[in-house]
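**Q** To start, I am sharing the structure in question, which I have written as structure tokens.
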Amino acid sequence: MIYFPDPLMPGDTIALLSPASIVKEEYVLGAMERLMERGYNTRLMTFALGPADGNFAASKGDRFIDLIDAIQDSDIKAILCTRGGYGCCQLVANLSYGTVASNPKWIIGFSDVSALLATWYCSDVASIHGPMAKHLATRPADDPCTQALFNILENGGKFDYTVSPHNYNREGKARGILVGGNMAVLNDLIGSPCDVLSRPQRQDIILFLEDINEPIYKVNRMLWHLYLTGALLMVKGIVFGQFTDYRPDANFDTMEDMIHQFFERNFPLPIFPVAFGFPTGHTDLNYPLTVGATVELEVTDTKTRLRTL
């Protein structure tokens, strides 16, 4: 059973740490200001702003120290990762499930942080795929994604989103445990102890995926990888988020064209609902999602609705 950390309350402390790439100081300070405006206390972990180690925010050892310190400090109720980029898998290699499970608290992030979210899931602890420091610092206070993040933190992980339909949607309704994140990161974890795609620890998975700067052919190869491992036969529904910063190729004009044709050819019968264009990923509309929550996915000709149960 997935453990849900306690809802946050005014005065609770949120730690900011940088588990991957270098982050601009103004983003971190701006995010801290936004959190304090909401009534939270903040704690900047020791190495969140360096000293940098090449493209990494700090050395592997220093980043791991910050992560362990934030996990084990009982005064810290949630962890906001300042940025993705690359580097989280280095920390996962030394992070035990027992450490996370015995100190359950929210961790927030997306992109490369998907590796940490996968570790939380394998530790039976819920986490939040959502906005990080840049979003909180540069978007207005009433930004809907920021407000949705606060609502999730303060209401035990609950959310309810209804978005416009997409021409490629496959209609249907399904319930399951929400798992997912950055497609390339999760694909690279296949075969590892925190593999949440090819060997899900639970049945009835609702899978969500997003990515940035990946060519169409690479995403196609990742889909085939999921197909060959049998992962796509274990899901009850799929939500495709935003795929950004790529170019058309000789075979497909858009990423959605390729994904649509992949399912048409390999799953000619709509055996589970599939939603396209969900507002999560590397865009200003990056609605937070609770990894590990039991959700219902409803796809109709008029809407896509994704909500916690």
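Ordered as shown in the structure tokens, chains take letters A, B, and onward, while each chain numbers its residues from 1 and ligands are numbered from 1 in the order shown.
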Please return as a PyMOL selection string: the residues of region 215-258 of chain A that backbone DSSP assigns to strand (DSSP E or B).

**A** chain A and resi 235-244

**Q** Could you pull out all residues of region 38-242 of chain A with a DSSP call of alpha helix (DSSP H) and give them as a PyMOL selection string?

**A** chain A and resi 60-72+88-92+97-101+114-122+133-138+144-154+183-188+216-229

**Q** Ranking A:Phe56, A:Tyr97, A:Tyr86, A:Phe47 by minimum distance to Asp112 (chain A) and counting only C-alpha atoms, which one comes first?

**A**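 Result for the nearest residue to Asp112 (chain A): A:Tyr86.
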
**Q** Might you pull out every residue within 12 Å of Leu207 (chain A), with only C-alpha atoms counted and same-chain residues fewer than 5 positions away left off, and present them as a compact mmCIF listing (two decimals) with N, CA and C atoms, in the first residue's frame?

**A**
```
# COMPACT_ATOMS: atom_id res chain seq x y z
N ALA A 174 -11.01 4.04 -16.91
CA ALA A 174 -10.19 3.06 -16.20
C ALA A 174 -9.77 3.62 -14.85
N ARG A 175 -9.49 2.71 -13.92
CA ARG A 175 -8.97 3.09 -12.62
C ARG A 175 -7.66 2.35 -12.37
N GLY A 176 -6.77 3.01 -11.66
CA GLY A 176 -5.50 2.38 -11.36
C GLY A 176 -4.60 3.30 -10.57
N ILE A 177 -3.39 2.84 -10.32
CA ILE A 177 -2.40 3.62 -9.60
C ILE A 177 -1.59 4.44 -10.60
N LEU A 178 -1.49 5.74 -10.36
CA LEU A 178 -0.82 6.64 -11.29
C LEU A 178 0.70 6.52 -11.15
N VAL A 179 1.34 6.20 -12.26
CA VAL A 179 2.79 6.03 -12.31
C VAL A 179 3.29 6.72 -13.57
N GLY A 180 4.46 7.35 -13.51
CA GLY A 180 5.01 7.93 -14.73
C GLY A 180 5.96 9.06 -14.48
N GLY A 181 6.15 9.86 -15.54
CA GLY A 181 7.08 10.97 -15.50
C GLY A 181 7.78 11.11 -16.83
N ASN A 182 9.05 11.49 -16.78
CA ASN A 182 9.82 11.70 -18.00
C ASN A 182 10.10 10.37 -18.68
N MET A 183 9.74 10.27 -19.95
CA MET A 183 9.79 9.00 -20.66
C MET A 183 11.21 8.46 -20.80
N LEU A 186 12.58 7.24 -17.29
CA LEU A 186 11.97 6.00 -16.84
C LEU A 186 12.34 4.83 -17.75
N VAL A 196 9.82 1.06 -12.93
CA VAL A 196 8.38 1.14 -12.71
C VAL A 196 7.59 0.93 -14.00
N LEU A 197 8.27 0.60 -15.09
CA LEU A 197 7.60 0.46 -16.38
C LEU A 197 7.44 -0.99 -16.81
N SER A 198 8.53 -1.75 -16.84
CA SER A 198 8.42 -3.11 -17.37
C SER A 198 8.03 -4.12 -16.31
N PRO A 200 6.05 -3.37 -13.13
CA PRO A 200 5.35 -2.60 -12.09
C PRO A 200 5.08 -3.46 -10.86
N LEU A 226 8.88 -0.50 -24.60
CA LEU A 226 7.79 -0.79 -23.66
C LEU A 226 6.91 -1.91 -24.20
N ALA A 231 5.23 -4.08 -21.05
CA ALA A 231 4.71 -3.05 -20.15
C ALA A 231 3.37 -2.50 -20.62
N LEU A 232 3.21 -2.35 -21.93
CA LEU A 232 1.98 -1.76 -22.45
C LEU A 232 0.78 -2.69 -22.33
N LEU A 233 1.05 -3.95 -22.03
CA LEU A 233 -0.05 -4.90 -21.81
C LEU A 233 -0.49 -4.93 -20.35
N MET A 234 0.26 -4.26 -19.48
CA MET A 234 -0.05 -4.27 -18.06
C MET A 234 -0.77 -3.01 -17.60
N VAL A 235 -0.88 -2.01 -18.47
CA VAL A 235 -1.50 -0.76 -18.06
C VAL A 235 -3.00 -0.82 -18.29
N LYS A 236 -3.72 0.02 -17.54
CA LYS A 236 -5.16 0.16 -17.71
C LYS A 236 -5.53 1.42 -18.47
N GLY A 237 -4.55 2.32 -18.63
CA GLY A 237 -4.77 3.55 -19.36
C GLY A 237 -3.47 4.31 -19.48
N ILE A 238 -3.37 5.17 -20.49
CA ILE A 238 -2.15 5.95 -20.71
C ILE A 238 -2.51 7.41 -20.94
N VAL A 239 -1.74 8.28 -20.31
CA VAL A 239 -1.88 9.73 -20.50
C VAL A 239 -0.57 10.25 -21.07
N PHE A 240 -0.63 10.78 -22.29
CA PHE A 240 0.55 11.40 -22.88
C PHE A 240 0.50 12.90 -22.61
N GLY A 241 1.54 13.38 -21.91
CA GLY A 241 1.65 14.80 -21.63
C GLY A 241 2.29 15.53 -22.80
N PHE A 272 -7.68 -0.05 -23.92
CA PHE A 272 -7.63 0.83 -22.75
C PHE A 272 -7.67 2.28 -23.25
N PRO A 273 -8.14 3.21 -22.40
CA PRO A 273 -8.20 4.61 -22.82
C PRO A 273 -6.80 5.21 -22.96
N VAL A 274 -6.65 6.07 -23.96
CA VAL A 274 -5.40 6.78 -24.19
C VAL A 274 -5.74 8.26 -24.39
N ALA A 275 -5.09 9.12 -23.63
CA ALA A 275 -5.31 10.56 -23.72
C ALA A 275 -4.05 11.24 -24.24
N LEU A 289 0.92 16.14 -10.62
CA LEU A 289 0.25 14.85 -10.53
C LEU A 289 0.85 14.07 -9.37
N THR A 290 0.03 13.33 -8.67
CA THR A 290 0.48 12.58 -7.50
C THR A 290 0.83 11.15 -7.92
N VAL A 291 2.12 10.87 -7.97
CA VAL A 291 2.58 9.52 -8.32
C VAL A 291 2.27 8.59 -7.15
N GLY A 292 1.59 7.49 -7.45
CA GLY A 292 1.20 6.55 -6.42
C GLY A 292 -0.25 6.66 -6.00
N ALA A 293 -0.94 7.71 -6.47
CA ALA A 293 -2.35 7.88 -6.12
C ALA A 293 -3.22 6.94 -6.93
N THR A 294 -4.32 6.50 -6.35
CA THR A 294 -5.33 5.77 -7.09
C THR A 294 -6.20 6.79 -7.83
N VAL A 295 -6.27 6.63 -9.14
CA VAL A 295 -6.94 7.64 -9.96
C VAL A 295 -7.94 6.98 -10.90
N GLU A 296 -8.81 7.84 -11.44
CA GLU A 296 -9.71 7.42 -12.51
C GLU A 296 -9.42 8.27 -13.74
N LEU A 297 -9.23 7.60 -14.87
CA LEU A 297 -9.02 8.26 -16.15
C LEU A 297 -10.27 8.05 -16.98
N LEU A 306 -8.95 13.40 -15.37
CA LEU A 306 -8.06 12.61 -14.55
C LEU A 306 -8.20 13.10 -13.13
```

**Q** My list of candidates is A:Ser96, A:Gln242, A:Asn251, A:Thr229. Which is closest to Pro279 (chain A) when distances are computed with only C-alpha atoms?

**A**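 Nearest candidate to Pro279 (chain A) out of A:Ser96, A:Gln242, A:Asn251, A:Thr229: A:Gln242.
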
**Q** List as a Markdown table every residue of region 7-118 of chain A that is in contact with region 131-143 of chain A, defined as an atom at most 9 Å from one of its atoms (using only C-alpha atoms), together with the nearest atom pair and the distance in Å rounded to one decimal, sorted by chain and then rising number.

**A**
```
| residue | atom | partner | partner_atom | distance |
| --- | --- | --- | --- | --- |
| A:Leu16 | CA | A:Ala133 | CA | 8.6 |
| A:Val23 | CA | A:Ala133 | CA | 8.6 |
| A:Lys24 | CA | A:Lys134 | CA | 8.4 |
| A:Glu26 | CA | A:Ala137 | CA | 7.8 |
| A:Tyr27 | CA | A:Lys134 | CA | 4.9 |
| A:Val28 | CA | A:Ala133 | CA | 5.5 |
| A:Leu29 | CA | A:Ala137 | CA | 7.6 |
| A:Gly30 | CA | A:Ala137 | CA | 4.2 |
| A:Ala31 | CA | A:Ala137 | CA | 4.6 |
| A:Met32 | CA | A:Ala137 | CA | 8.1 |
| A:Glu33 | CA | A:Ala137 | CA | 7.9 |
| A:Arg34 | CA | A:Leu136 | CA | 6.5 |
| A:Leu35 | CA | A:Leu136 | CA | 8.3 |
| A:Glu37 | CA | A:Ala141 | CA | 8.9 |
| A:Leu80 | CA | A:Met132 | CA | 6.7 |
| A:Cys81 | CA | A:Met132 | CA | 6.2 |
| A:Thr82 | CA | A:Ala133 | CA | 4.7 |
| A:Arg83 | CA | A:Met132 | CA | 6.1 |
| A:Gly84 | CA | A:Met132 | CA | 8.5 |
| A:Ile108 | CA | A:Met132 | CA | 7.2 |
| A:Gly109 | CA | A:Met132 | CA | 5.6 |
| A:Phe110 | CA | A:Pro131 | CA | 7.0 |
```

**Q** May I have the residues within 8 Å of Asp6 (chain A) as JSON, numbers by chain, using only C-alpha atoms and disregarding those fewer than 2 positions away in the same chain?

**A** {"A": [4, 8, 105, 156]}

**Q** Show me, as a ChimeraX atom specification, the residues that have an atom within 10 Å of Thr119 (chain A) when counting only C-alpha atoms, minus same-chain residues fewer than 5 positions from it.

**A** /A:89,92-93,95-97,100,113-114,124-127,193-196

**Q** If you keep N, CA, C and O atoms, can you produce a file of those selected residues as a PDB file, in the first residue's frame?

**A**
```pdb
ATOM      1  N   CYS A  89      19.973  10.020 -11.185  1.00  0.00           N
ATOM      2  CA  CYS A  89      20.237   8.579 -11.165  1.00  0.00           C
ATOM      3  C   CYS A  89      21.493   8.256 -10.367  1.00  0.00           C
ATOM      4  O   CYS A  89      21.617   7.164  -9.797  1.00  0.00           O
ATOM      5  N   VAL A  92      20.177   7.863  -6.845  1.00  0.00           N
ATOM      6  CA  VAL A  92      19.329   6.690  -6.674  1.00  0.00           C
ATOM      7  C   VAL A  92      20.170   5.452  -6.385  1.00  0.00           C
ATOM      8  O   VAL A  92      19.758   4.555  -5.632  1.00  0.00           O
ATOM      9  N   ALA A  93      21.356   5.385  -6.968  1.00  0.00           N
ATOM     10  CA  ALA A  93      22.208   4.209  -6.813  1.00  0.00           C
ATOM     11  C   ALA A  93      22.548   3.932  -5.350  1.00  0.00           C
ATOM     12  O   ALA A  93      22.785   2.782  -4.968  1.00  0.00           O
ATOM     13  N   LEU A  95      20.621   5.256  -2.656  1.00  0.00           N
ATOM     14  CA  LEU A  95      19.479   5.584  -1.799  1.00  0.00           C
ATOM     15  C   LEU A  95      18.634   4.338  -1.568  1.00  0.00           C
ATOM     16  O   LEU A  95      18.125   3.738  -2.519  1.00  0.00           O
ATOM     17  N   SER A  96      18.482   3.936  -0.316  1.00  0.00           N
ATOM     18  CA  SER A  96      17.739   2.717  -0.008  1.00  0.00           C
ATOM     19  C   SER A  96      16.254   3.020   0.135  1.00  0.00           C
ATOM     20  O   SER A  96      15.862   4.104   0.586  1.00  0.00           O
ATOM     21  N   TYR A  97      15.444   2.027  -0.228  1.00  0.00           N
ATOM     22  CA  TYR A  97      13.999   2.176  -0.062  1.00  0.00           C
ATOM     23  C   TYR A  97      13.644   2.340   1.416  1.00  0.00           C
ATOM     24  O   TYR A  97      12.720   3.075   1.764  1.00  0.00           O
ATOM     25  N   VAL A 100      13.772   5.980   2.607  1.00  0.00           N
ATOM     26  CA  VAL A 100      12.615   6.774   2.181  1.00  0.00           C
ATOM     27  C   VAL A 100      11.367   6.356   2.942  1.00  0.00           C
ATOM     28  O   VAL A 100      10.602   7.192   3.431  1.00  0.00           O
ATOM     29  N   VAL A 113      14.122  14.462 -12.256  1.00  0.00           N
ATOM     30  CA  VAL A 113      13.686  14.087 -10.905  1.00  0.00           C
ATOM     31  C   VAL A 113      12.756  12.872 -10.953  1.00  0.00           C
ATOM     32  O   VAL A 113      12.486  12.251  -9.923  1.00  0.00           O
ATOM     33  N   SER A 114      12.297  12.495 -12.153  1.00  0.00           N
ATOM     34  CA  SER A 114      11.482  11.283 -12.290  1.00  0.00           C
ATOM     35  C   SER A 114      12.188  10.063 -11.697  1.00  0.00           C
ATOM     36  O   SER A 114      11.531   9.124 -11.237  1.00  0.00           O
ATOM     37  N   ASP A 124       7.076   2.696  -1.634  1.00  0.00           N
ATOM     38  CA  ASP A 124       5.681   2.759  -1.180  1.00  0.00           C
ATOM     39  C   ASP A 124       5.318   4.114  -0.582  1.00  0.00           C
ATOM     40  O   ASP A 124       4.509   4.194   0.354  1.00  0.00           O
ATOM     41  N   VAL A 125       5.908   5.174  -1.123  1.00  0.00           N
ATOM     42  CA  VAL A 125       5.605   6.532  -0.669  1.00  0.00           C
ATOM     43  C   VAL A 125       5.170   7.361  -1.869  1.00  0.00           C
ATOM     44  O   VAL A 125       5.822   7.329  -2.922  1.00  0.00           O
ATOM     45  N   ALA A 126       4.088   8.109  -1.731  1.00  0.00           N
ATOM     46  CA  ALA A 126       3.602   8.967  -2.807  1.00  0.00           C
ATOM     47  C   ALA A 126       4.524  10.161  -3.000  1.00  0.00           C
ATOM     48  O   ALA A 126       5.217  10.600  -2.070  1.00  0.00           O
ATOM     49  N   SER A 127       4.534  10.706  -4.208  1.00  0.00           N
ATOM     50  CA  SER A 127       5.357  11.868  -4.540  1.00  0.00           C
ATOM     51  C   SER A 127       4.596  12.737  -5.527  1.00  0.00           C
ATOM     52  O   SER A 127       3.502  12.374  -5.977  1.00  0.00           O
ATOM     53  N   PRO A 193      16.576  -1.675 -10.108  1.00  0.00           N
ATOM     54  CA  PRO A 193      15.690  -1.916  -8.950  1.00  0.00           C
ATOM     55  C   PRO A 193      14.501  -0.963  -8.897  1.00  0.00           C
ATOM     56  O   PRO A 193      13.479  -1.310  -8.298  1.00  0.00           O
ATOM     57  N   CYS A 194      14.613   0.238  -9.485  1.00  0.00           N
ATOM     58  CA  CYS A 194      13.486   1.177  -9.464  1.00  0.00           C
ATOM     59  C   CYS A 194      12.824   1.274 -10.843  1.00  0.00           C
ATOM     60  O   CYS A 194      12.416   2.344 -11.287  1.00  0.00           O
ATOM     61  N   ASP A 195      12.714   0.137 -11.486  1.00  0.00           N
ATOM     62  CA  ASP A 195      12.011   0.015 -12.761  1.00  0.00           C
ATOM     63  C   ASP A 195      10.509   0.023 -12.486  1.00  0.00           C
ATOM     64  O   ASP A 195       9.983  -0.890 -11.864  1.00  0.00           O
ATOM     65  N   VAL A 196       9.824   1.063 -12.929  1.00  0.00           N
ATOM     66  CA  VAL A 196       8.376   1.140 -12.710  1.00  0.00           C
ATOM     67  C   VAL A 196       7.592   0.925 -13.996  1.00  0.00           C
ATOM     68  O   VAL A 196       6.364   1.044 -13.999  1.00  0.00           O
TER      69      VAL A 196
END
```

**Q** Which distance in Å separates CA of Ile68 (chain A) and CA of Tyr287 (chain A), to one decimal?

**A**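 About the pair CA of Ile68 (chain A) and CA of Tyr287 (chain A): they are 27.2 Å apart.
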
**Q** With only C-alpha atoms as the counted atoms, please give the residues lying no more than 10 Å from Met222 (chain A), apart from itself and same-chain residues fewer than 6 positions off, as a list in words.

**A**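 Listed by chain and then number, they are Met183, Ala184, Leu186, Asn187, Asp188, Ile216 and Leu228 of chain A.
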
**Q** Quick one: residues within 8 Å of Thr304 (chain A), only C-alpha atoms, excluding same-chain residues fewer than 5 positions away - as a PyMOL selection string?

**A** chain A and resi 162-165+275+297-299

**Q** Pick out the closest residue to Leu149 (chain A) from this set: A:Tyr168, A:Arg38, A:Ser102, A:Lys173. Count only C-alpha atoms.

**A** A:Arg38

**Q** Distance CA of Thr308 (chain A)-CA of Tyr161 (chain A), one decimal place?

**A**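 If I compute the distance from CA of Thr308 (chain A) to CA of Tyr161 (chain A), I get 9.3 Å.
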
**Q** Counting only C-alpha atoms, which residue out of A:Glu171, A:Arg221, A:Thr99, A:Ala70 sits closest to Phe276 (chain A)?

**A** A:Glu171
